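Reading through the structure tokens given below for one structure.
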Amino acid sequence: MSGELYRLFYPRSIAVVGASRDPNKIGHILLRNIVSGGFKGKVYPVNPSTDTILGLEAFPSVSSINSEIDVVIVAVPAEKTIEVAEDAGKAGAEFLVVISSGFREVGRIDLEKKLVEVARKHGMRVLGPNIFGYLYAPSGLNATFGPREIKPGRIAFITQSGALGIALMGYSTVEEIGVSSVVSVGNKADIDDADLLEFFGDDPNTSTIILYIEGVEDGKKFLDIASTVSVRKPIIAIKAGRTDVGAKAAASHTGSLSGGPALWEGVLKQAGILQVKDVETAFDYARLFETYSVAAGPSILVITNGGGAGVQATDTLAENGVLLSEPPEEYVNYLRTFLPPYASTRNPVDITGGAPDEHYYLALRKALEIPGIHAVLVLYCQTMTTSPLKTGEAIVRAVEESGSNKPIVAGFIGGSEARKAIDYLIQRHIPAYPTPERAAQALAALYRYARLREAVKRRLDLLRLSGEIHSKIPGELRREILKK
Ligand code: COA
């Protein structure tokens with residue numbers, strides 16, 4: 001477990017400075033989320049104007065608590081944060097999580113520098129400022145002023161945009177995507193994406209990392225650490241500022257260096273990071289990586305009841321560098337034993353519009369048995385003669401009976417019944433999507449990731465050979481790379 005940020009994510013005690021009595025104020029909501037989120041450690045509200053908040057004893061300052069404090073959440077106006085930092089430092093706190101806005105993003109660079117200076121003087125690390133907080137499900141810790149309920153899972157989400165992060169907490173719940181952590185990084189005055197990547201790279205509770213990133217200060221550190229993490233678990237990046245005009249907007253949002261779009265594309269690729277254009281795709285990929293992380297081989301079979309859906313999937317796969325090959329003869333011969341003569345036994349296999357769920361079962365079951373087929377994309381277009389849910393059940397039956405761990409992705413296109421079938425499949429760990437393009441793109445991500453990871457491994461091997469591992473890779477990762 002990566003040491004430097006350990007106590008930020010596993011705090012024994014938290015003080016909330018600016019824990020307001022007003023239930024609508026940010027400091028109050030933060031305290032309420034921490035208390036009601038199931039956090040097992042000690043929680044101390046800090047507010048000089050009252051004795052109790054939410055039934056907890058309140059203290060006039062952090063230093064007056066007279067007990068060890070690991071994390072201090074700061075929710076007072078920016079100009080008061082320096083005095084709070086001094087006091088927290090004297091009290092021996094390890095981390096300052098500064099929610100307050102009003103620093104670099106509005107031109108007050110000196111105030112931000114001063115905040116970090118004071119924190120460093122006392123040996124504290126700073127998350128923020130200008131953030132909505134952070135959440136870490138394994139500790140039952142929701143120190144955000146975002147939604148209270150989230151679905152615990154294995155995706156860590158690091159975001160430079162606060163509002164987007166809060167919205168995504170809601171989105172992930174609606175879409176039933178489980179998260180291990182959500183971290184708002186804001187102005188990244190001290191703790192940055194690379195530090196967090198290092199933590200989540202080592203975190204056994206996290207299997208996939210999503211980044212929403214506008215820019216970084218230290219590109220080399222980011223590249224080095226991301227490279228060592230991406231060979232172990234997938235990192236997906238929504239890079240804001242993909243166009244020149246977007247890059248300018250990103251630069252003025254948080255004031256960090258955003259770099260040109262072409263430069264970023266190269267950096268992310270070199271770091272083994274899957275770049276995506278939008279939030280929807282990031283979560284589509286994350287859903288896939290929740291179940292699969294390795295592509296066993298290049299031969300993908302597409303089974304569909306609609307020719308158009310098959311063509312759309314073929315195009316999307318090809319655009320993502322995955323080409324379909326003809327199915328093995330053994331498979332084609334088998335299909336001919338039950339499919340109507342007008343069905344297509346080429347790839348995509350078109351089992352025809354009226355195909356009953358039994359045909360999905362037979363076609364998939366056999367595909368999972370044949371060694372020359374490495375992954376299957378099952379597409380279903382809702383028709384009046386077939387039932388989406390029954391088709392979903394047939395898919396699950398084929399997978400469970402075969403005991404196969406080949407990647408299987410489903411695309412179910414239709415109305416509310418198709419949506420129900422998608423939910424059914426997802427609950428049974430089969431990634432499922434509402435369009436053929438999204439399903440194909442998600443499956444292709446497995447191959448994109450495999451290619452990126454291989455390239456990064458080769459680059460790291462070369463670096464190792466030439467002894468050029470960058471000196472800024474801290475702690476365990478650096479040791480791990482050097483000893484290999
Ligand atoms: N120590 C402890 N508590 C203090 C304090 C101090 N030094 N000074 C003031 N307080 C108390 C206040 O009395 C108040 O409590 P009360 O309501 O019970 O009287 C509470 O702390 C909050 O202070 P207040 O001055 O009312 O601030 P606020 O709640 O209006 O705003 C912020 C504080 C941090 C929320 C605000 O300055 C801010 O930055 N908002 C933007 C946050 C944001 O959007 N972040 C980025 C998200 S992506």
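Ordered as shown in the structure tokens, chains take letters A, B, and onward, while each chain numbers its residues from 1 and ligands are numbered from 1 in the order shown.
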TODO: Please give me, as a ChimeraX atom specification, the residues lying within 7 Å of ligand 1 when counting only C-alpha atoms and all ligand atoms.
DONE: /A:17-22,25-27,46-49,60-61,75-78,80,84,99-102,130-132,161-163,186
As a compact mmCIF listing (two decimals) with all heavy atoms, in the first residue's frame, please: every residue in region 130-312 of chain A that DSSP puts in strand (DSSP E or B).
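Result file follows (states-v6.txt):
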# COMPACT_ATOMS: atom_id res chain seq x y z
N GLY A 133 -14.22 17.98 -2.11
CA GLY A 133 -13.86 16.99 -1.10
C GLY A 133 -13.46 15.67 -1.71
O GLY A 133 -13.09 15.60 -2.90
N TYR A 134 -13.50 14.61 -0.90
CA TYR A 134 -13.12 13.30 -1.41
C TYR A 134 -13.90 12.22 -0.69
O TYR A 134 -14.42 12.43 0.42
CB TYR A 134 -11.61 13.08 -1.29
CG TYR A 134 -11.09 12.85 0.11
CD1 TYR A 134 -10.52 11.63 0.47
CD2 TYR A 134 -11.15 13.84 1.07
CE1 TYR A 134 -10.02 11.41 1.74
CE2 TYR A 134 -10.67 13.63 2.36
CZ TYR A 134 -10.10 12.42 2.68
OH TYR A 134 -9.63 12.21 3.95
N LEU A 135 -13.95 11.09 -1.35
CA LEU A 135 -14.72 9.95 -0.82
C LEU A 135 -13.87 8.70 -0.98
O LEU A 135 -13.22 8.52 -2.01
CB LEU A 135 -15.99 9.86 -1.66
CG LEU A 135 -16.97 8.71 -1.49
CD1 LEU A 135 -18.35 9.20 -1.88
CD2 LEU A 135 -16.61 7.51 -2.34
N TYR A 136 -13.87 7.86 0.04
CA TYR A 136 -13.16 6.59 -0.08
C TYR A 136 -14.04 5.51 0.57
O TYR A 136 -14.16 5.43 1.79
CB TYR A 136 -11.78 6.67 0.59
CG TYR A 136 -10.92 5.46 0.32
CD1 TYR A 136 -10.59 5.09 -0.98
CD2 TYR A 136 -10.43 4.68 1.37
CE1 TYR A 136 -9.81 3.97 -1.23
CE2 TYR A 136 -9.64 3.56 1.13
CZ TYR A 136 -9.34 3.22 -0.17
OH TYR A 136 -8.56 2.11 -0.42
N LEU A 141 -15.88 6.61 4.14
CA LEU A 141 -15.62 8.06 4.26
C LEU A 141 -16.18 8.83 3.08
O LEU A 141 -15.73 8.66 1.94
CB LEU A 141 -14.09 8.27 4.36
CG LEU A 141 -13.62 9.71 4.43
CD1 LEU A 141 -14.21 10.43 5.64
CD2 LEU A 141 -12.10 9.77 4.48
N ASN A 142 -17.16 9.69 3.36
CA ASN A 142 -17.68 10.59 2.33
C ASN A 142 -17.48 12.02 2.83
O ASN A 142 -18.35 12.60 3.47
CB ASN A 142 -19.17 10.31 2.06
CG ASN A 142 -19.71 11.22 0.96
OD1 ASN A 142 -19.04 12.16 0.52
ND2 ASN A 142 -20.94 10.98 0.53
N ALA A 143 -16.31 12.56 2.57
CA ALA A 143 -16.00 13.93 2.98
C ALA A 143 -16.21 14.86 1.78
O ALA A 143 -15.29 15.55 1.34
CB ALA A 143 -14.57 14.01 3.51
N THR A 144 -17.42 14.82 1.22
CA THR A 144 -17.75 15.70 0.10
C THR A 144 -19.05 16.43 0.44
O THR A 144 -19.76 16.02 1.35
CB THR A 144 -18.04 14.91 -1.21
OG1 THR A 144 -19.31 14.26 -1.09
CG2 THR A 144 -16.97 13.88 -1.50
N PRO A 152 -20.77 1.35 -3.67
CA PRO A 152 -19.35 1.01 -3.52
C PRO A 152 -18.90 0.05 -4.61
O PRO A 152 -19.67 -0.83 -5.02
CB PRO A 152 -19.28 0.34 -2.15
CG PRO A 152 -20.61 0.52 -1.52
CD PRO A 152 -21.60 0.81 -2.61
N GLY A 153 -17.70 0.22 -5.10
CA GLY A 153 -17.18 -0.65 -6.15
C GLY A 153 -15.68 -0.46 -6.27
O GLY A 153 -15.01 -0.14 -5.28
N ARG A 154 -15.15 -0.63 -7.49
CA ARG A 154 -13.69 -0.70 -7.63
C ARG A 154 -13.12 0.36 -8.59
O ARG A 154 -12.02 0.23 -9.08
CB ARG A 154 -13.29 -2.11 -8.07
CG ARG A 154 -13.67 -3.16 -7.01
CD ARG A 154 -13.34 -4.56 -7.44
NE ARG A 154 -11.95 -4.75 -7.77
CZ ARG A 154 -10.96 -4.86 -6.89
NH1 ARG A 154 -11.21 -4.79 -5.61
NH2 ARG A 154 -9.73 -5.03 -7.30
N ILE A 155 -13.91 1.40 -8.87
CA ILE A 155 -13.42 2.45 -9.77
C ILE A 155 -13.06 3.69 -8.97
O ILE A 155 -13.88 4.19 -8.18
CB ILE A 155 -14.50 2.80 -10.81
CG1 ILE A 155 -14.80 1.60 -11.69
CG2 ILE A 155 -14.06 3.99 -11.67
CD1 ILE A 155 -16.09 1.71 -12.46
N ALA A 156 -11.84 4.17 -9.15
CA ALA A 156 -11.45 5.43 -8.51
C ALA A 156 -11.56 6.54 -9.54
O ALA A 156 -11.13 6.37 -10.69
CB ALA A 156 -10.02 5.33 -7.99
N PHE A 157 -12.16 7.63 -9.15
CA PHE A 157 -12.39 8.74 -10.07
C PHE A 157 -11.69 9.98 -9.51
O PHE A 157 -11.99 10.44 -8.42
CB PHE A 157 -13.90 8.94 -10.20
CG PHE A 157 -14.28 10.02 -11.16
CD1 PHE A 157 -13.74 10.07 -12.44
CD2 PHE A 157 -15.18 10.99 -10.79
CE1 PHE A 157 -14.09 11.08 -13.32
CE2 PHE A 157 -15.54 12.00 -11.66
CZ PHE A 157 -14.99 12.05 -12.93
N ILE A 158 -10.73 10.48 -10.28
CA ILE A 158 -9.97 11.67 -9.86
C ILE A 158 -10.39 12.81 -10.79
O ILE A 158 -10.26 12.68 -12.00
CB ILE A 158 -8.45 11.43 -10.02
CG1 ILE A 158 -8.01 10.20 -9.22
CG2 ILE A 158 -7.65 12.66 -9.61
CD1 ILE A 158 -6.60 9.70 -9.58
N THR A 159 -10.88 13.90 -10.23
CA THR A 159 -11.41 14.93 -11.11
C THR A 159 -10.91 16.34 -10.78
O THR A 159 -10.86 16.75 -9.63
CB THR A 159 -12.96 14.94 -11.12
OG1 THR A 159 -13.43 16.03 -11.90
CG2 THR A 159 -13.55 15.05 -9.73
N VAL A 179 -18.05 2.71 -7.19
CA VAL A 179 -16.77 3.44 -7.07
C VAL A 179 -16.09 3.13 -5.74
O VAL A 179 -16.74 2.96 -4.72
CB VAL A 179 -16.95 4.97 -7.23
CG1 VAL A 179 -17.46 5.34 -8.60
CG2 VAL A 179 -17.86 5.55 -6.16
N SER A 180 -14.76 3.04 -5.79
CA SER A 180 -13.98 2.91 -4.56
C SER A 180 -13.70 4.30 -4.00
O SER A 180 -13.65 4.51 -2.80
CB SER A 180 -12.66 2.19 -4.82
OG SER A 180 -11.92 2.86 -5.83
N SER A 181 -13.54 5.25 -4.94
CA SER A 181 -13.14 6.59 -4.48
C SER A 181 -13.51 7.66 -5.50
O SER A 181 -13.55 7.38 -6.70
CB SER A 181 -11.62 6.60 -4.26
OG SER A 181 -11.22 7.82 -3.70
N VAL A 182 -13.79 8.83 -4.99
CA VAL A 182 -13.94 10.02 -5.85
C VAL A 182 -13.08 11.09 -5.19
O VAL A 182 -13.25 11.37 -4.00
CB VAL A 182 -15.40 10.50 -5.92
CG1 VAL A 182 -15.52 11.72 -6.82
CG2 VAL A 182 -16.33 9.39 -6.42
N VAL A 183 -12.14 11.65 -5.93
CA VAL A 183 -11.28 12.68 -5.35
C VAL A 183 -11.33 13.92 -6.22
O VAL A 183 -11.03 13.87 -7.42
CB VAL A 183 -9.81 12.21 -5.22
CG1 VAL A 183 -8.97 13.27 -4.50
CG2 VAL A 183 -9.72 10.89 -4.49
N SER A 184 -11.69 15.02 -5.60
CA SER A 184 -11.68 16.30 -6.29
C SER A 184 -10.30 16.92 -6.06
O SER A 184 -9.86 17.03 -4.91
CB SER A 184 -12.79 17.16 -5.67
OG SER A 184 -12.74 18.48 -6.09
N THR A 208 -9.78 0.05 -11.56
CA THR A 208 -9.72 0.95 -12.72
C THR A 208 -9.71 2.39 -12.22
O THR A 208 -10.39 2.70 -11.23
CB THR A 208 -10.98 0.74 -13.61
OG1 THR A 208 -11.06 -0.63 -13.98
CG2 THR A 208 -10.92 1.60 -14.86
N ILE A 209 -8.97 3.24 -12.92
CA ILE A 209 -8.90 4.65 -12.50
C ILE A 209 -9.41 5.52 -13.65
O ILE A 209 -9.00 5.34 -14.80
CB ILE A 209 -7.45 5.04 -12.16
CG1 ILE A 209 -6.89 4.11 -11.06
CG2 ILE A 209 -7.37 6.51 -11.71
CD1 ILE A 209 -5.39 4.15 -10.91
N ILE A 210 -10.33 6.43 -13.33
CA ILE A 210 -10.78 7.41 -14.33
C ILE A 210 -10.26 8.78 -13.91
O ILE A 210 -10.37 9.17 -12.74
CB ILE A 210 -12.32 7.47 -14.43
CG1 ILE A 210 -12.89 6.12 -14.84
CG2 ILE A 210 -12.76 8.54 -15.42
CD1 ILE A 210 -14.42 6.10 -14.98
N LEU A 211 -9.68 9.48 -14.88
CA LEU A 211 -9.18 10.85 -14.61
C LEU A 211 -9.98 11.83 -15.44
O LEU A 211 -10.15 11.61 -16.64
CB LEU A 211 -7.75 10.97 -15.12
CG LEU A 211 -6.57 10.41 -14.37
CD1 LEU A 211 -5.32 10.56 -15.25
CD2 LEU A 211 -6.36 11.16 -13.08
N TYR A 212 -10.46 12.90 -14.82
CA TYR A 212 -10.89 14.05 -15.62
C TYR A 212 -9.79 15.09 -15.42
O TYR A 212 -9.54 15.54 -14.29
CB TYR A 212 -12.25 14.62 -15.16
CG TYR A 212 -12.52 15.96 -15.81
CD1 TYR A 212 -13.09 16.02 -17.08
CD2 TYR A 212 -12.11 17.14 -15.21
CE1 TYR A 212 -13.28 17.24 -17.71
CE2 TYR A 212 -12.30 18.36 -15.84
CZ TYR A 212 -12.89 18.41 -17.09
OH TYR A 212 -13.06 19.61 -17.72
N ILE A 213 -9.13 15.44 -16.50
CA ILE A 213 -7.91 16.24 -16.35
C ILE A 213 -7.92 17.42 -17.32
O ILE A 213 -8.31 17.28 -18.47
CB ILE A 213 -6.70 15.30 -16.55
CG1 ILE A 213 -5.41 15.94 -16.10
CG2 ILE A 213 -6.56 14.81 -17.95
CD1 ILE A 213 -4.30 14.93 -15.91
N ILE A 235 -6.05 2.91 -16.81
CA ILE A 235 -6.35 4.32 -16.49
C ILE A 235 -7.08 4.89 -17.70
O ILE A 235 -6.61 4.75 -18.83
CB ILE A 235 -5.07 5.14 -16.24
CG1 ILE A 235 -4.17 4.50 -15.19
CG2 ILE A 235 -5.42 6.57 -15.85
CD1 ILE A 235 -2.81 5.18 -15.03
N ILE A 236 -8.21 5.51 -17.45
CA ILE A 236 -9.01 6.11 -18.53
C ILE A 236 -9.01 7.61 -18.29
O ILE A 236 -9.30 8.05 -17.18
CB ILE A 236 -10.46 5.57 -18.49
CG1 ILE A 236 -10.47 4.04 -18.58
CG2 ILE A 236 -11.31 6.19 -19.58
CD1 ILE A 236 -11.76 3.41 -18.07
N ALA A 237 -8.70 8.39 -19.32
CA ALA A 237 -8.66 9.85 -19.11
C ALA A 237 -9.64 10.57 -20.01
O ALA A 237 -9.67 10.35 -21.22
CB ALA A 237 -7.26 10.38 -19.34
N ILE A 238 -10.46 11.42 -19.38
CA ILE A 238 -11.25 12.38 -20.13
C ILE A 238 -10.40 13.64 -20.10
O ILE A 238 -10.22 14.26 -19.05
CB ILE A 238 -12.60 12.66 -19.44
CG1 ILE A 238 -13.33 11.36 -19.14
CG2 ILE A 238 -13.45 13.62 -20.27
CD1 ILE A 238 -14.35 11.47 -18.02
N LYS A 239 -9.77 13.94 -21.24
CA LYS A 239 -8.87 15.09 -21.26
C LYS A 239 -9.63 16.29 -21.80
O LYS A 239 -9.95 16.35 -22.99
CB LYS A 239 -7.65 14.76 -22.12
CG LYS A 239 -6.72 15.94 -22.39
CD LYS A 239 -6.08 16.46 -21.12
CE LYS A 239 -5.27 17.73 -21.38
NZ LYS A 239 -6.08 18.94 -21.58
N LEU A 274 -5.83 5.29 -21.60
CA LEU A 274 -6.87 5.27 -22.63
C LEU A 274 -7.56 6.64 -22.63
O LEU A 274 -8.24 6.99 -21.67
CB LEU A 274 -7.91 4.21 -22.29
CG LEU A 274 -7.49 2.77 -22.54
CD1 LEU A 274 -8.30 1.83 -21.66
CD2 LEU A 274 -7.69 2.41 -24.01
N GLN A 275 -7.37 7.38 -23.70
CA GLN A 275 -8.03 8.69 -23.76
C GLN A 275 -9.42 8.52 -24.34
O GLN A 275 -9.61 7.83 -25.35
CB GLN A 275 -7.22 9.65 -24.64
CG GLN A 275 -7.80 11.05 -24.61
CD GLN A 275 -6.98 12.06 -25.42
OE1 GLN A 275 -6.00 11.70 -26.06
NE2 GLN A 275 -7.39 13.31 -25.38
N VAL A 276 -10.40 9.14 -23.71
CA VAL A 276 -11.77 9.11 -24.24
C VAL A 276 -12.28 10.53 -24.36
O VAL A 276 -11.78 11.43 -23.70
CB VAL A 276 -12.72 8.28 -23.34
CG1 VAL A 276 -12.33 6.82 -23.31
CG2 VAL A 276 -12.80 8.85 -21.94
N ILE A 300 -12.48 -11.90 -32.52
CA ILE A 300 -13.78 -11.54 -31.94
C ILE A 300 -14.87 -12.07 -32.87
O ILE A 300 -14.78 -11.91 -34.09
CB ILE A 300 -13.93 -10.00 -31.83
CG1 ILE A 300 -12.90 -9.43 -30.86
CG2 ILE A 300 -15.34 -9.64 -31.40
CD1 ILE A 300 -12.99 -7.93 -30.70
N LEU A 301 -15.89 -12.67 -32.27
CA LEU A 301 -17.06 -13.09 -33.04
C LEU A 301 -18.23 -12.17 -32.69
O LEU A 301 -18.44 -11.87 -31.51
CB LEU A 301 -17.43 -14.53 -32.69
CG LEU A 301 -18.65 -15.05 -33.45
CD1 LEU A 301 -18.25 -15.48 -34.86
CD2 LEU A 301 -19.29 -16.23 -32.70
N VAL A 302 -18.95 -11.71 -33.71
CA VAL A 302 -20.15 -10.91 -33.47
C VAL A 302 -21.36 -11.77 -33.81
O VAL A 302 -21.44 -12.34 -34.91
CB VAL A 302 -20.15 -9.62 -34.32
CG1 VAL A 302 -21.42 -8.81 -34.06
CG2 VAL A 302 -18.90 -8.79 -34.04
N ILE A 303 -22.28 -11.88 -32.87
CA ILE A 303 -23.55 -12.59 -33.12
C ILE A 303 -24.65 -11.54 -33.05
O ILE A 303 -24.73 -10.77 -32.08
CB ILE A 303 -23.81 -13.67 -32.04
CG1 ILE A 303 -22.69 -14.71 -32.02
CG2 ILE A 303 -25.16 -14.34 -32.26
CD1 ILE A 303 -22.76 -15.69 -30.86
N THR A 304 -25.51 -11.48 -34.06
CA THR A 304 -26.55 -10.46 -34.08
C THR A 304 -27.83 -11.00 -34.71
O THR A 304 -27.79 -11.95 -35.50
CB THR A 304 -26.05 -9.22 -34.87
OG1 THR A 304 -27.07 -8.22 -34.88
CG2 THR A 304 -25.70 -9.55 -36.31
TODO: Could you tell me which of A:Leu31, A:Leu368, A:Val378, A:Ala450 comes closest to Val231 (chain A) if we count only C-alpha atoms?
DONE: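 Under the stated criterion, the closest residue is A:Ala450.
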- [ ] Enter the distance from CA of Leu379 (chain A) to CA of Ala367 (chain A), in Å, rounded to one decimal.
- [x] 14.3 Å
Task: Best match for closeness to Ser293 (chain A) among A:Pro45, A:Pro234, A:Gly89, A:Pro436, counting only C-alpha atoms - done: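 The closest residue to Ser293 (chain A) is A:Pro234.
Distance check against Leu5 (chain A) using only C-alpha atoms: of A:Ile109, A:Ile53, A:Ile413, A:Glu198, the minimum falls on A:Glu198.
Between CA of Leu446 (chain A) and CA of Pro434 (chain A) the interatomic distance comes to 18.6 Å.
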TODO: Quick one: everything within 7 Å of region 166-169 of chain A, counting only C-alpha atoms, minus sequence neighbours fewer than 4 positions away in the same chain. Send it as a list of chain:residue names.
DONE: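 The contact residues come out as A:Gly146, A:Pro147, A:Ile150, A:Gly162, A:Thr173.
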Task: Spatial neighbours of Glu329 (chain A), 12 Å, only C-alpha atoms, chain gap at least 2 places, as number ranges by chain - done: A: 325-327, 331-336, 345-347, 367, 370, 372-373
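Distances from A:Glu117, A:Asp350, A:Asp195, A:Glu214 to Ala309 (chain A) were compared using only C-alpha atoms, and the smallest one belongs to A:Asp350.
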